[in-house]
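final_11.cif follows; it contains mmCIF, C-alpha atoms.
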data_model
#
loop_
_atom_site.label_atom_id
_atom_site.label_comp_id
_atom_site.auth_asym_id
_atom_site.auth_seq_id
_atom_site.Cartn_x
_atom_site.Cartn_y
_atom_site.Cartn_z
CA MET A 184 13.32 -7.98 14.38
CA LYS A 185 15.23 -10.25 11.99
CA VAL A 186 13.76 -11.33 8.65
CA SER A 187 13.71 -14.95 9.88
CA GLU A 188 11.69 -13.91 12.96
CA ILE A 189 9.18 -11.95 10.83
CA ASN A 190 8.82 -14.94 8.48
CA LYS A 191 8.30 -17.29 11.43
CA LEU A 192 5.59 -15.05 12.89
CA GLY A 193 4.02 -14.54 9.47
CA LYS A 194 3.71 -18.31 9.11
CA GLU A 195 2.40 -18.84 12.66
CA LEU A 196 -0.25 -16.15 12.15
CA GLU A 197 -1.18 -17.75 8.81
CA LEU A 198 -0.48 -14.51 6.97
CA TYR A 199 1.80 -15.75 4.18
CA THR A 200 4.05 -18.59 3.15
CA TYR A 201 6.75 -19.52 0.65
CA VAL A 202 6.85 -22.65 -1.50
CA ASP A 203 10.15 -23.75 -3.04
CA TYR A 204 8.66 -24.87 -6.35
CA ILE A 205 6.96 -21.48 -6.83
CA GLY A 206 10.22 -19.62 -6.39
CA LYS A 207 12.19 -17.25 -4.21
CA GLY A 208 10.68 -13.81 -3.91
CA PHE A 209 7.15 -14.94 -4.80
CA PRO A 210 5.22 -15.25 -1.51
CA ILE A 211 1.72 -16.69 -1.27
CA ILE A 212 -0.47 -14.36 0.77
CA LEU A 213 -2.83 -16.52 2.82
CA PRO A 214 -6.43 -15.53 3.72
CA ASN A 215 -5.42 -13.72 6.94
CA GLY A 216 -2.68 -11.73 5.22
CA ALA A 217 -4.89 -11.00 2.22
CA LYS A 218 -7.59 -9.70 4.57
CA VAL A 219 -5.16 -7.29 6.26
CA ILE A 220 -3.93 -6.02 2.89
CA ASN A 221 -7.45 -5.71 1.50
CA ILE A 222 -8.67 -3.71 4.50
CA ILE A 223 -5.81 -1.23 4.15
CA ARG A 224 -6.08 -1.13 0.37
CA ASN A 225 -9.81 -0.28 0.55
CA TYR A 226 -9.05 2.46 3.05
CA VAL A 227 -6.22 3.88 0.92
CA GLU A 228 -8.27 3.92 -2.29
CA LYS A 229 -11.23 5.49 -0.49
CA GLU A 230 -9.03 8.26 0.92
CA GLU A 231 -7.36 8.83 -2.44
CA GLU A 232 -10.76 9.28 -4.06
CA LYS A 233 -11.70 11.75 -1.31
CA ASN A 234 -8.57 13.69 -2.27
CA GLY A 235 -9.54 13.93 -5.94
CA PHE A 236 -7.77 10.88 -7.39
CA GLU A 237 -9.52 8.81 -10.03
CA ILE A 238 -8.98 5.05 -9.91
CA VAL A 239 -7.56 3.50 -13.07
CA ARG A 240 -6.42 0.01 -14.01
CA THR A 241 -3.47 -0.58 -16.32
CA PRO A 242 -2.01 -3.80 -17.80
CA ASN A 243 0.47 -6.02 -15.98
CA VAL A 244 2.33 -6.48 -19.27
CA SER A 245 3.21 -4.28 -22.24
CA LYS A 246 5.57 -4.03 -25.17
CA ALA A 247 9.10 -2.94 -24.34
CA GLU A 248 8.44 0.05 -26.59
CA LEU A 249 6.70 1.75 -23.66
CA TYR A 250 9.98 1.84 -21.72
CA LEU A 251 11.98 2.77 -24.81
CA ILE A 252 9.82 5.90 -25.05
CA GLN A 253 10.61 6.60 -21.42
CA ASP A 254 14.31 5.94 -22.19
CA ARG A 255 14.73 3.63 -19.20
CA TYR A 256 14.78 0.29 -20.99
CA GLU A 257 18.52 -0.05 -21.55
CA GLN A 258 19.43 1.08 -18.02
CA GLU A 259 16.83 -1.04 -16.26
CA LYS A 260 16.15 -4.11 -18.40
CA GLU A 261 18.40 -6.25 -16.18
CA GLU A 262 15.79 -5.79 -13.45
CA MET A 263 12.84 -6.48 -15.77
CA PHE A 264 11.16 -9.79 -16.55
CA ILE A 265 11.14 -9.87 -20.36
CA ILE A 266 9.08 -12.37 -22.34
CA LYS A 267 10.47 -13.08 -25.79
CA SER A 268 7.34 -12.29 -27.79
CA ASN A 269 7.06 -10.28 -30.98
CA ASP A 270 3.32 -10.38 -31.60
CA GLY A 271 3.66 -13.01 -34.30
CA GLU A 272 6.22 -11.09 -36.34
CA GLU A 273 9.03 -13.13 -37.90
CA GLU A 274 11.71 -10.54 -37.22
CA GLU A 275 12.59 -10.12 -33.58
CA LYS A 276 12.47 -6.47 -32.59
CA GLU A 277 13.44 -5.30 -29.15
CA GLU A 278 10.51 -2.91 -28.90
CA ASN A 279 8.06 -5.78 -29.50
CA ALA A 280 9.28 -7.91 -26.60
CA ILE A 281 6.69 -8.23 -23.84
CA VAL A 282 7.69 -6.91 -20.41
CA LEU A 283 6.12 -7.64 -17.04
CA ARG A 284 5.35 -4.19 -15.64
CA PRO A 285 8.14 -2.92 -13.32
CA TYR A 286 6.31 0.35 -12.47
CA VAL A 287 3.19 2.29 -13.54
CA GLU A 288 4.35 5.84 -14.29
CA PRO A 289 4.49 5.46 -18.10
CA PHE A 290 1.00 3.93 -18.12
CA HIS A 291 -0.43 6.94 -16.27
CA CYS A 292 1.36 9.25 -18.70
CA THR A 293 -0.25 7.33 -21.56
CA ILE A 294 -3.68 7.88 -20.00
CA TYR A 295 -2.93 11.61 -19.75
CA LYS A 296 -2.15 11.66 -23.47
CA THR A 297 -5.47 10.13 -24.55
CA LYS A 298 -6.97 13.60 -25.07
CA PRO A 299 -5.97 17.30 -25.22
CA ARG A 300 -5.43 18.99 -21.84
CA SER A 301 -5.93 22.52 -20.61
CA TYR A 302 -4.72 24.31 -17.48
CA LYS A 303 -8.38 24.40 -16.45
CA SER A 304 -8.41 20.61 -16.03
CA PHE A 305 -5.55 20.55 -13.49
CA PRO A 306 -4.80 18.88 -11.23
CA ILE A 307 -5.21 15.54 -12.98
CA LYS A 308 -4.87 12.68 -10.51
CA TYR A 309 -4.79 8.94 -11.10
CA CYS A 310 -4.38 6.11 -8.61
CA GLU A 311 -4.36 2.35 -8.71
CA THR A 312 -3.34 -0.65 -6.68
CA SER A 313 -0.85 -2.22 -9.05
CA SER A 314 1.13 -5.43 -9.27
CA VAL A 315 4.67 -4.82 -10.46
CA TYR A 316 7.50 -7.24 -11.14
CA ARG A 317 11.21 -6.66 -10.57
CA ASP A 318 14.01 -9.19 -10.71
CA GLU A 319 15.31 -8.29 -7.26
CA LYS A 320 18.60 -9.93 -6.32
CA ASP A 321 18.52 -9.02 -2.62
CA ILE A 322 15.35 -10.81 -1.50
CA LYS A 323 14.43 -9.96 2.11
CA GLY A 324 11.54 -12.05 3.38
CA ILE A 325 8.26 -10.43 2.46
CA SER A 326 9.65 -6.89 2.65
CA ARG A 327 11.55 -7.18 -0.64
CA THR A 328 10.00 -9.53 -3.17
CA ARG A 329 9.94 -10.02 -6.94
CA GLN A 330 6.21 -9.32 -7.17
CA LEU A 331 5.03 -6.22 -5.35
CA THR A 332 1.58 -4.76 -4.80
CA LEU A 333 1.86 -0.98 -4.72
CA SER A 334 -0.30 1.97 -3.78
CA ASP A 335 0.52 3.91 -6.95
CA ALA A 336 -0.67 7.41 -7.73
CA SER A 337 0.20 10.18 -10.19
CA ILE A 338 -0.49 13.91 -10.23
CA PHE A 339 -0.16 16.25 -13.21
CA THR A 340 -0.17 19.89 -12.17
CA THR A 341 1.44 23.29 -12.77
CA ASN A 342 4.24 25.19 -11.01
CA GLU A 343 1.68 27.58 -9.56
CA SER A 344 -0.26 24.77 -7.87
CA LEU A 345 2.69 22.55 -6.95
CA GLU A 346 2.97 23.56 -3.30
CA LYS A 347 -0.77 23.19 -2.73
CA GLU A 348 -0.72 19.67 -4.20
CA LEU A 349 2.33 18.74 -2.14
CA ILE A 350 0.58 19.83 1.05
CA GLN A 351 -2.52 17.80 0.23
CA VAL A 352 -0.57 14.64 -0.62
CA LEU A 353 1.75 14.92 2.39
CA GLU A 354 -1.23 15.38 4.69
CA MET A 355 -2.88 12.31 3.18
CA GLN A 356 0.33 10.27 3.59
CA ARG A 357 0.74 11.47 7.17
CA ASN A 358 -2.84 10.47 7.98
CA PHE A 359 -2.24 6.97 6.59
CA ILE A 360 0.90 6.61 8.68
CA LYS A 361 -0.79 7.90 11.83
CA ARG A 362 -3.70 5.50 11.38
CA LEU A 363 -1.25 2.62 11.07
CA GLY A 364 0.52 3.77 14.25
CA LEU A 365 3.96 3.98 12.64
CA ASP A 366 6.90 6.20 13.59
CA VAL A 367 8.57 7.51 10.45
CA LYS A 368 10.91 10.24 9.31
CA PHE A 369 10.67 12.48 6.26
CA CYS A 370 13.61 13.40 4.06
CA ILE A 371 13.96 15.68 1.03
CA SER A 372 16.42 14.26 -1.48
CA THR A 373 17.88 16.86 -3.81
CA TRP A 374 20.84 16.91 -6.18
CA ASP A 375 24.50 16.78 -5.36
CA ASP A 376 25.92 20.20 -6.26
CA ARG A 377 29.16 18.56 -7.39
CA LYS A 378 27.38 16.54 -10.07
CA LYS A 379 24.79 18.93 -11.48
CA ASP A 380 25.56 17.94 -15.06
CA GLU A 381 24.30 14.42 -14.38
CA TYR A 382 20.76 15.57 -13.57
CA ILE A 383 17.80 16.29 -15.81
CA GLY A 384 16.02 19.64 -15.53
CA THR A 385 17.21 23.18 -15.03
CA ILE A 386 18.68 24.72 -11.89
CA GLU A 387 15.54 26.84 -11.63
CA GLU A 388 13.27 23.76 -11.80
CA TRP A 389 15.22 21.97 -9.07
CA ASP A 390 15.37 25.04 -6.83
CA THR A 391 11.68 25.88 -7.29
CA THR A 392 10.55 22.32 -6.64
CA THR A 393 12.80 21.79 -3.63
CA LYS A 394 11.60 25.08 -2.13
CA ALA A 395 7.98 24.01 -2.63
CA MET A 396 8.73 20.73 -0.84
CA LYS A 397 10.29 22.56 2.11
CA ASN A 398 7.37 24.99 2.30
CA ALA A 399 4.83 22.14 2.22
CA LEU A 400 6.53 20.23 5.02
CA ASP A 401 6.95 23.42 7.07
CA ASN A 402 3.28 24.29 6.51
CA LEU A 403 2.28 20.92 7.99
CA LYS A 404 4.87 21.22 10.77
CA ILE A 405 6.48 17.96 9.68
CA PRO A 406 10.17 17.77 10.67
CA TYR A 407 12.46 16.60 7.89
CA GLU A 408 16.05 16.02 6.90
CA ILE A 409 17.78 16.90 3.62
CA ASP A 410 20.20 14.72 1.71
CA LYS A 411 21.72 14.72 -1.77
CA LYS A 412 20.48 11.31 -2.92
CA ALA A 413 17.98 12.47 -5.54
CA LYS A 414 17.51 10.44 -8.69
CA MET A 415 18.68 11.98 -11.93
CA TYR A 416 15.18 12.94 -13.06
CA GLY A 417 13.97 14.95 -10.05
CA PRO A 418 13.88 15.62 -6.29
CA LEU A 419 11.77 13.52 -3.99
CA ILE A 420 10.39 13.32 -0.48
CA GLN A 421 11.26 9.95 0.98
CA ILE A 422 9.49 8.56 4.03
CA TYR A 423 11.50 6.08 6.10
CA TYR A 424 10.51 3.50 8.67
CA LYS A 425 13.58 2.47 10.70
CA ASP A 426 15.90 3.68 7.91
CA GLU A 427 14.08 1.54 5.33
CA GLU A 428 12.28 3.21 2.42
CA PHE A 429 8.56 3.13 3.08
CA ALA A 430 6.63 5.66 1.00
CA SER A 431 7.63 8.48 -1.32
CA LEU A 432 6.68 11.48 -3.41
CA GLN A 433 8.84 11.73 -6.56
CA ILE A 434 9.02 14.59 -9.05
CA ASP A 435 10.00 13.55 -12.59
CA PHE A 436 11.19 16.34 -14.91
CA GLU A 437 11.99 13.94 -17.75
CA ILE A 438 8.93 11.79 -18.29
CA VAL A 439 6.60 14.56 -19.47
CA HIS A 440 9.06 15.40 -22.26
CA ARG A 441 9.65 11.78 -23.24
CA PHE A 442 5.92 11.23 -23.69
CA ASP A 443 5.38 14.74 -25.07
CA LEU A 444 2.75 15.53 -22.45
CA THR A 445 1.53 19.06 -23.03
CA TYR A 446 -1.37 21.27 -22.10
CA ALA A 447 -2.74 24.65 -23.18
CA ASN A 448 -1.74 27.27 -20.61
CA LYS A 449 -3.55 30.53 -19.78
CA GLU A 450 -2.02 32.18 -22.86
CA ASN A 451 -3.25 29.22 -24.94
CA LYS A 452 0.35 28.19 -25.57
CA SER A 453 1.67 24.66 -25.30
CA ASP A 454 3.41 23.91 -22.00
CA PHE A 455 4.57 20.89 -20.00
CA PRO A 456 2.96 19.95 -16.65
CA ILE A 457 4.75 18.99 -13.44
CA TYR A 458 4.55 15.26 -12.83
CA MET A 459 4.52 13.64 -9.38
CA HIS A 460 4.49 9.95 -8.56
CA ILE A 461 3.24 8.99 -5.09
CA THR A 462 3.18 5.82 -3.03
CA CYS A 463 1.16 6.34 0.12
CA VAL A 464 2.07 3.09 1.85
CA GLY A 465 4.72 1.73 -0.50
CA SER A 466 4.32 -1.97 -1.26
CA TYR A 467 1.67 -3.86 0.67
CA GLU A 468 4.06 -6.79 1.10
CA ASN A 469 6.61 -4.54 2.80
CA LEU A 470 3.84 -2.93 4.85
CA LEU A 471 2.70 -6.36 6.06
CA SER A 472 6.28 -7.05 7.18
CA ILE A 473 6.41 -3.70 9.00
CA LEU A 474 3.10 -4.34 10.76
CA ILE A 475 4.20 -7.82 11.88
CA GLU A 476 7.38 -6.32 13.35
CA LYS A 477 5.61 -3.34 14.89
CA TYR A 478 2.73 -5.22 16.54
CA LYS A 479 4.19 -8.74 16.88
CA GLY A 480 0.97 -9.99 15.31
CA GLU A 481 -1.37 -8.14 17.70
CA PHE A 482 -2.70 -5.86 14.98
CA PRO A 483 -4.88 -2.83 15.73
CA LEU A 484 -8.50 -3.94 15.85
CA TRP A 485 -9.44 -2.23 12.57
CA ILE A 486 -6.97 -4.34 10.56
CA ALA A 487 -7.18 -7.61 12.53
CA PRO A 488 -8.10 -10.23 9.90
CA LEU A 489 -10.54 -11.89 12.31
CA GLN A 490 -11.88 -9.76 15.14
CA VAL A 491 -14.04 -12.31 16.95
CA SER A 492 -13.64 -16.08 17.15
CA ILE A 493 -16.84 -17.84 18.26
CA ILE A 494 -16.33 -21.17 20.02
CA PRO A 495 -19.16 -23.58 20.87
CA GLU A 496 -18.97 -25.78 23.94
CA GLY A 497 -21.22 -28.31 22.24
CA GLU A 498 -23.23 -28.98 19.06
CA GLU A 499 -26.49 -28.16 20.82
CA TYR A 500 -25.60 -24.46 20.81
CA GLU A 501 -25.35 -24.22 17.02
CA ASP A 502 -28.50 -22.12 16.48
CA TYR A 503 -27.48 -19.55 19.10
CA LEU A 504 -23.95 -19.35 17.71
CA ASN A 505 -25.28 -18.78 14.21
CA GLU A 506 -27.42 -15.98 15.59
CA ILE A 507 -24.38 -14.40 17.30
CA GLU A 508 -22.24 -14.66 14.16
CA ALA A 509 -24.99 -13.20 11.97
CA LYS A 510 -25.45 -10.19 14.25
CA LEU A 511 -21.71 -9.49 14.42
CA LEU A 512 -21.41 -9.73 10.64
CA GLU A 513 -24.44 -7.50 10.25
CA ASN A 514 -22.51 -4.85 12.20
CA ARG A 515 -19.48 -5.34 9.93
CA ILE A 516 -17.49 -7.07 12.64
CA ARG A 517 -15.28 -9.83 11.27
CA ALA A 518 -16.42 -12.94 13.11
CA LYS A 519 -16.37 -16.68 12.48
CA ILE A 520 -17.56 -19.80 14.28
CA ASP A 521 -14.75 -22.28 14.87
CA ASN A 522 -16.22 -25.59 13.72
CA SER A 523 -12.87 -27.39 13.63
CA ASP A 524 -12.79 -30.98 14.84
CA THR A 525 -11.06 -30.36 18.18
CA ASN A 526 -11.98 -29.60 21.79
CA VAL A 527 -12.90 -26.21 23.26
CA GLN A 528 -9.53 -25.73 24.97
CA ASN A 529 -7.57 -26.34 21.76
CA LYS A 530 -9.82 -23.94 19.87
CA GLU A 531 -9.13 -21.26 22.48
CA TYR A 532 -5.37 -21.91 22.28
CA LYS A 533 -5.55 -21.62 18.50
CA ALA A 534 -7.41 -18.30 18.71
CA ILE A 535 -4.83 -17.01 21.21
CA ASP A 536 -1.96 -18.13 18.96
CA LEU A 537 -3.56 -16.29 16.04
CA LYS A 538 -3.89 -13.23 18.32
CA ILE A 539 -7.61 -12.81 17.63
CA PRO A 540 -8.73 -9.81 19.75
CA TYR A 541 -11.99 -11.32 21.07
CA ILE A 542 -12.80 -14.95 21.84
CA VAL A 543 -16.48 -15.70 22.46
CA THR A 544 -17.56 -19.02 23.98
CA VAL A 545 -21.09 -20.26 24.51
CA GLY A 546 -22.21 -23.00 26.87
CA LYS A 547 -25.40 -24.00 28.69
CA ASP A 548 -25.48 -20.97 31.04
CA GLU A 549 -24.85 -18.49 28.21
CA LEU A 550 -27.61 -20.05 26.10
CA THR A 551 -30.07 -20.03 29.00
CA ASN A 552 -29.36 -16.39 29.88
CA ARG A 553 -28.86 -15.24 26.26
CA LYS A 554 -25.36 -14.01 27.14
CA ILE A 555 -21.83 -14.64 25.87
CA LYS A 556 -18.53 -15.40 27.57
CA VAL A 557 -15.85 -13.05 26.23
CA ARG A 558 -12.10 -13.33 26.55
CA ALA A 559 -10.16 -10.21 25.53
CA LYS A 560 -6.65 -8.93 26.20
CA ASN A 561 -7.63 -7.13 29.40
CA TYR A 562 -10.60 -9.11 30.71
CA ASN A 563 -12.54 -12.37 30.78
CA LYS A 564 -16.23 -11.94 31.58
CA ILE A 565 -19.88 -12.70 30.83
CA MET A 566 -21.66 -9.96 28.89
CA GLU A 567 -24.47 -9.03 26.51
CA LEU A 568 -23.77 -9.43 22.79
CA ASP A 569 -24.90 -5.84 22.19
CA ASP A 570 -22.28 -4.62 24.67
CA LEU A 571 -19.54 -6.47 22.79
CA ILE A 572 -20.73 -4.96 19.52
CA LYS A 573 -20.65 -1.47 21.02
CA GLU A 574 -17.15 -2.06 22.40
CA VAL A 575 -15.74 -3.32 19.09
CA LEU A 576 -17.30 -0.52 17.08
CA SER A 577 -16.10 2.05 19.61
CA CYS A 578 -12.54 0.70 19.50
CA GLN A 579 -12.55 0.72 15.70
CA ALA A 580 -13.76 4.31 15.64
CA LYS A 581 -10.60 5.42 17.49
CA TYR A 582 -8.40 4.53 14.52
#
How does this structure look as structure tokens?
Amino acid sequence: MKVSEINKLGKELELYTYVDYIGKGFPIILPNGAKVINIIRNYVEKEEEKNGFEIVRTPNVSKAELYLIQDRYEQEKEEMFIIKSNDGEEEEKEENAIVLRPYVEPFHCTIYKTKPRSYKSFPIKYCETSSVYRDEKDIKGISRTRQLTLSDASIFTTNESLEKELIQVLEMQRNFIKRLGLDVKFCISTWDDRKKDEYIGTIEEWDTTTKAMKNALDNLKIPYEIDKKAKMYGPLIQIYYKDEEFASLQIDFEIVHRFDLTYANKENKSDFPIYMHITCVGSYENLLSILIEKYKGEFPLWIAPLQVSIIPEGEEYEDYLNEIEAKLLENRIRAKIDNSDTNVQNKEYKAIDLKIPYIVTVGKDELTNRKIKVRAKNYNKIMELDDLIKEVLSCQAKY
């Protein structure tokens, strides 16, 4: 599906929009789109916590000094949004400029460094849903924007536990992907043998880490490819959806040394941990684009922004409709009465256009018999409200 087609559908489904005076690459996520993202975000954070991650929150801005420590500032500042601020100092110093956060890794490393660490405390796992800002030149609808919302996570561990942590993270990522109903491919990116001098880390570190990645994927029976497109600071497992980068698991040999992240090993000697950065679903903006393309707006029931639209056939049914809405909401079913100033037929057309899974209408017969008229993808019938609730909850449970 072309970017223009995804944008058209995103607008029709009232998921997101663009406004010229706000700027290219800065989409406004509308209530329906925000609901989809929030549902998935809550699920992701809940699963991360189940897998031992602790939720943190880090600033959207910082001094440029943070990235000077990481030694990425000079190479990457063209992609950063830099605010010319020097904290009130007369002399302008590059390290005092304020930068809109382009990624979270150095923040998580800073959290690690807030206290002494021992091998007994590993693995140390942080996660957050972060907003990051990159001056992207190749804007592609909502899939590539200048403000991104990421599922960011970091793991600090040891060589001995690396494979175990890889297995756990890969299984978590695979479960996310399966729940979303996506077909993806996994790829290990390692170094190009012809350019070994350009990479950070020893041959032993690269070989050991790459072997652990292969073993983890084999253990989970996940097929994978291998390429030589690794970044200079470590190998990674890249997950692709239709040849587009989707989620990843990146090893960084450099960052722990730049921030002098150490721990006391079993011999009580100072050592450096292994650092992994993980995105379980990549950016939520890109994920929304993928889901629009995959489902053409007919989202799986568990992420449908509105699951039930309730349409009255007259004002005299208001009390009964309020009762229906309250009971659906009580069962955590996303439902809303359509009180718009239009006729029943137009309300039904609107609900169909928005691809709402269930449309409930109530007229004189339904009120008299305490029933509801339900229109779904595969049927149109009169039924009990309790039966609809059971059906919705049963369908949700399958995901």
All residues 12 Å or closer to Phe455 (chain A), all atoms listed in the file, same chain fewer than 5 positions away omitted, as a list in words: Tyr295, Lys296, Arg300, Ser301, Tyr302, Phe339, Thr340, Thr341, Asn342, Asp435, Phe436, Glu437, Ile438, Val439, His440, Arg441, Phe442, Asp443, Leu444, Thr445, Tyr446, Ala447 and Asn448 of chain A
Computed interatomic separation between CA of Asn243 (chain A) and CA of Leu283 (chain A) (Å):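 Those two atoms sit 6.0 Å apart.
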Nearest to Glu499 (chain A), chosen from A:Leu511, A:Lys276, A:Lys547, A:Ile457, with only C-alpha atoms counted in the distances: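 So, comparing all the options, the nearest one is A:Lys547.
Taking only C-alpha atoms into account, Asp524 (chain A) lies nearest to A:Ile494 out of the set A:Ile494, A:Cys310, A:Leu403, A:Val557.
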A:Ile325, A:Ile252, A:Ala430, A:Met263 ranked by distance to Tyr201 (chain A), top pick (using all atoms listed in the file):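 Residue with the minimum atom-to-atom distance to Tyr201 (chain A): A:Ile325.
Residue membership of the PyMOL selection byres ((chain A and resi 355) around 10) in the shown file amounts to A:Val227, A:Glu230, A:Glu231, A:Lys233, A:Asn234, A:Leu349, A:Ile350, A:Gln351, A:Val352, A:Leu353, A:Glu354, A:Gln356, A:Arg357, A:Asn358, A:Phe359, A:Ile360, A:Lys361, A:Cys463.
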Check which residues satisfy the PyMOL selection byres ((chain A and resi 543) around 8) in the file shown, then give them as a PDB file with C-alpha atoms, in the frame of the given file.
ATOM      1  CA  VAL A 491     -14.040 -12.310  16.950  1.00  0.00           C
ATOM      2  CA  SER A 492     -13.640 -16.080  17.150  1.00  0.00           C
ATOM      3  CA  ILE A 493     -16.840 -17.840  18.260  1.00  0.00           C
ATOM      4  CA  ILE A 494     -16.330 -21.170  20.020  1.00  0.00           C
ATOM      5  CA  TYR A 541     -11.990 -11.320  21.070  1.00  0.00           C
ATOM      6  CA  ILE A 542     -12.800 -14.950  21.840  1.00  0.00           C
ATOM      7  CA  THR A 544     -17.560 -19.020  23.980  1.00  0.00           C
ATOM      8  CA  VAL A 545     -21.090 -20.260  24.510  1.00  0.00           C
ATOM      9  CA  ILE A 555     -21.830 -14.640  25.870  1.00  0.00           C
ATOM     10  CA  LYS A 556     -18.530 -15.400  27.570  1.00  0.00           C
ATOM     11  CA  VAL A 557     -15.850 -13.050  26.230  1.00  0.00           C
ATOM     12  CA  ARG A 558     -12.100 -13.330  26.550  1.00  0.00           C
TER      13      ARG A 558
END
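Separating CA of Leu484 (chain A) from CA of Lys554 (chain A) is a distance of 22.7 Å.
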CA of Ala559 (chain A) to CA of Pro540 (chain A), distance in Å rounded to a single decimal: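 For CA of Ala559 (chain A) relative to CA of Pro540 (chain A), the distance reads 6.0 Å.
Nearest residue to Tyr500 (chain A), choosing from A:Gln528, A:Thr551, A:Thr393, A:Gln433 and counting all atoms listed in the file: A:Thr551.
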Point (-11.4, -24.9, 12.0), cut-off 12 Å, counting only C-alpha atoms, residues as a PyMOL selection string: chain A and resi 492-495+519-527+529-531+533-534
From A:Lys267, A:Lys323, A:Ile535, A:Asp390, residue lying nearest Ser472 (chain A) [only C-alpha atoms]: A:Lys323
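For the choices A:Glu508, A:Glu468, A:Glu388, A:Glu476, the atom-to-atom distance to Val219 (chain A) is smallest for A:Glu468 when using only C-alpha atoms.
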Residue contacts of Ile238 (chain A) (8 Å, only C-alpha atoms) excluding same-chain residues fewer than 3 positions away, as a PyMOL selection string: chain A and resi 228+232+309-311
Selected residues, C-alpha atoms, written as a PDB file, in the frame of the given file, please.
ATOM      1  CA  GLU A 228      -8.270   3.920  -2.290  1.00  0.00           C
ATOM      2  CA  GLU A 232     -10.760   9.280  -4.060  1.00  0.00           C
ATOM      3  CA  TYR A 309      -4.790   8.940 -11.100  1.00  0.00           C
ATOM      4  CA  CYS A 310      -4.380   6.110  -8.610  1.00  0.00           C
ATOM      5  CA  GLU A 311      -4.360   2.350  -8.710  1.00  0.00           C
TER       6      GLU A 311
END
Do you know which residues are at most 7 Å from Tyr467 (chain A) counting all atoms listed in the file, after dropping those on the same chain fewer than 4 positions away, and could you put them as a PDB file with C-alpha atoms, in the frame of the given file?
ATOM      1  CA  ILE A 220      -3.930  -6.020   2.890  1.00  0.00           C
ATOM      2  CA  THR A 332       1.580  -4.760  -4.800  1.00  0.00           C
ATOM      3  CA  LEU A 333       1.860  -0.980  -4.720  1.00  0.00           C
ATOM      4  CA  LEU A 471       2.700  -6.360   6.060  1.00  0.00           C
TER       5      LEU A 471
END
Output check: residues returned by the PyMOL selection byres ((chain A and resi 189) around 10), as a list in words: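 This file gives the following for the PyMOL selection byres ((chain A and resi 189) around 10): Met184, Lys185, Val186, Ser187, Glu188, Asn190, Lys191, Leu192, Gly193, Lys194, Glu195, Gly324, Ile325, Ser326, Leu471, Ser472, Ile473, Leu474, Ile475, Glu476, Lys479 and Gly480 of chain A.
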Within 10 Å of Thr328 (chain A) using all atoms listed in the file, minus same-chain residues under 4 positions, as a list of chain:residue names: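 With the cut-off at 10 Å, the set is A:Lys207, A:Gly208, A:Phe209, A:Pro210, A:Tyr316, A:Arg317, A:Asp318, A:Glu319, A:Lys320, A:Asp321, A:Ile322, A:Lys323, A:Gly324, A:Thr332, A:Ser466, A:Glu468, A:Asn469.
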